[in-house]
Amino acid sequence: MKILMGTKNPGKIEGAKQAFEKYFNNVEIEGIAVNSGVGDQPVNEEILQGARNRIENLKEYARINNIKADYFVSSEAGITNSLGEWIDINCAVVESKEGIQSVGTSQGFPIPDKYIDEIKKTELGKVMDKLFNGKELSKGKGGISILTKNEVSRIDLTRNAFIMALTKHINGDIWK
């Protein structure tokens, strides 16, 4: 099964691979850097919009380069206060070659209000790198690994978001 993913981020790619391997055999994911069309730090609706933009840009890349795929996938992390508190979530979008698209999110973790303005100006990963003396925490296990004392990683969050998105694809017509 050929999957194109709209990122080169190894943590996101591994999370997607783990999710797809729960339901499909012979999973091959190729990461391709495509633009999200939103800022470096997506906020609220920009999270889903960025993930959907990546899908569209990925399909265009595949068309131009004559690449066939069974699925086009993307993941966009961002901060949202849609529940009244600031949290960070991952949003995954999965689109089949037939054009059936679904969305899933990861569990979220709280962001203290005192960091929100700085995060919006830069991005969560840079703020966490500064706070925890890290370097590119968003590329590996992620800042969530530090916050949970290695209980949850960025890979886990991404995997869970993709599992949620896959529910529409793994349950036949009953969930479409």
# chains A, B, ... in the order shown; residues from 1 in each chain; ligands from 1
>>> select_by_dssp(residues="region 43-106 of chain A", states="helix (DSSP H, G or I)", output="PyMOL selection string")
chain A and resi 45-64
>>> residues_around(residues="Lys120 (chain A)", least_positions_apart="2", cutoff="9 Å", atoms="only C-alpha atoms", output="ChimeraX atom specification")
/A:40-43,79,115-118,122-124
>>> closest_residue(among="A:Glu21, A:Tyr61, A:Ile146, A:Gly78", to="Leu4 (chain A)", atoms="only C-alpha atoms")
A:Tyr61
>>> closest_residue(among="A:Lys126, A:Arg159, A:Lys176, A:Lys168", to="Lys17 (chain A)", atoms="only C-alpha atoms")
A:Arg159
>>> select_by_dssp(residues="region 56-91 of chain A", states="strand (DSSP E or B)", output="ChimeraX atom specification")
/A:71-80,87-91
>>> closest_residue(among="A:Ala19, A:Leu157, A:Leu58, A:Leu83", to="Ala33 (chain A)", atoms="only C-alpha atoms")
A:Leu58
>>> residues_around(residues="Ser153 (chain A)", least_positions_apart="4", cutoff="12 Å", atoms="only C-alpha atoms", output="NGL selection string")
:A and (11-12 or 14-15 or 106-107 or 109 or 137-149 or 157-160)
>>> closest_residue(among="A:Lys2, A:Lys114, A:Lys121, A:Lys8", to="Trp86 (chain A)", atoms="only C-alpha atoms")
A:Lys114
>>> closest_residue(among="A:Asn133, A:Asn150, A:Ser96, A:Ser82", to="Glu45 (chain A)", atoms="only C-alpha atoms")
A:Ser82
>>> residues_around(residues="region 23-30 of chain A", least_positions_apart="4", cutoff="10 Å", atoms="only C-alpha atoms", output="list in words")
Met1, Lys2, Ile3, Leu4, Met5, Gly6, Thr7, Lys8, Ile13, Glu14, Ala16, Lys17, Gln18, Ala19, Ala69, Tyr71, Phe72, Val73, Ile163, Leu166, His169 and Ile170 of chain A
>>> write_last_selection(atoms="C-alpha atoms", output="mmCIF file, in the first residue's frame")
data_model
loop_
_atom_site.group_PDB
_atom_site.id
_atom_site.type_symbol
_atom_site.label_atom_id
_atom_site.label_comp_id
_atom_site.auth_asym_id
_atom_site.auth_seq_id
_atom_site.Cartn_x
_atom_site.Cartn_y
_atom_site.Cartn_z
ATOM 1 C CA MET A 1 0.000 0.000 0.000
ATOM 2 C CA LYS A 2 1.471 3.311 -1.121
ATOM 3 C CA ILE A 3 0.828 6.349 1.074
ATOM 4 C CA LEU A 4 2.022 9.866 0.391
ATOM 5 C CA MET A 5 2.365 12.080 3.448
ATOM 6 C CA GLY A 6 2.639 15.860 3.340
ATOM 7 C CA THR A 7 5.719 16.203 5.563
ATOM 8 C CA LYS A 8 9.300 15.083 5.982
ATOM 9 C CA ILE A 13 5.730 9.796 9.446
ATOM 10 C CA GLU A 14 6.342 7.112 12.083
ATOM 11 C CA ALA A 16 1.125 7.582 10.549
ATOM 12 C CA LYS A 17 2.955 4.348 9.678
ATOM 13 C CA GLN A 18 2.084 2.799 13.047
ATOM 14 C CA ALA A 19 -1.587 3.726 12.596
ATOM 15 C CA ALA A 69 -0.909 6.408 -4.192
ATOM 16 C CA TYR A 71 -3.860 7.320 0.342
ATOM 17 C CA PHE A 72 -2.824 10.939 0.765
ATOM 18 C CA VAL A 73 -2.308 11.908 4.402
ATOM 19 C CA ILE A 163 -6.319 6.029 13.989
ATOM 20 C CA LEU A 166 -9.001 5.944 9.697
ATOM 21 C CA HIS A 169 -11.845 4.032 5.984
ATOM 22 C CA ILE A 170 -11.736 0.760 7.934
#
>>> residues_around(residues="Thr105 (chain A)", least_positions_apart="2", cutoff="6 Å", atoms="only C-alpha atoms", output="PDB file with C-alpha atoms, in the first residue's frame")
ATOM      1  CA  ASN A  90      -2.728  17.165  16.198  1.00  0.00           C
ATOM      2  CA  CYS A  91      -5.193  17.018  13.351  1.00  0.00           C
ATOM      3  CA  ALA A 161      -4.965  11.185  15.369  1.00  0.00           C
TER       4      ALA A 161
END
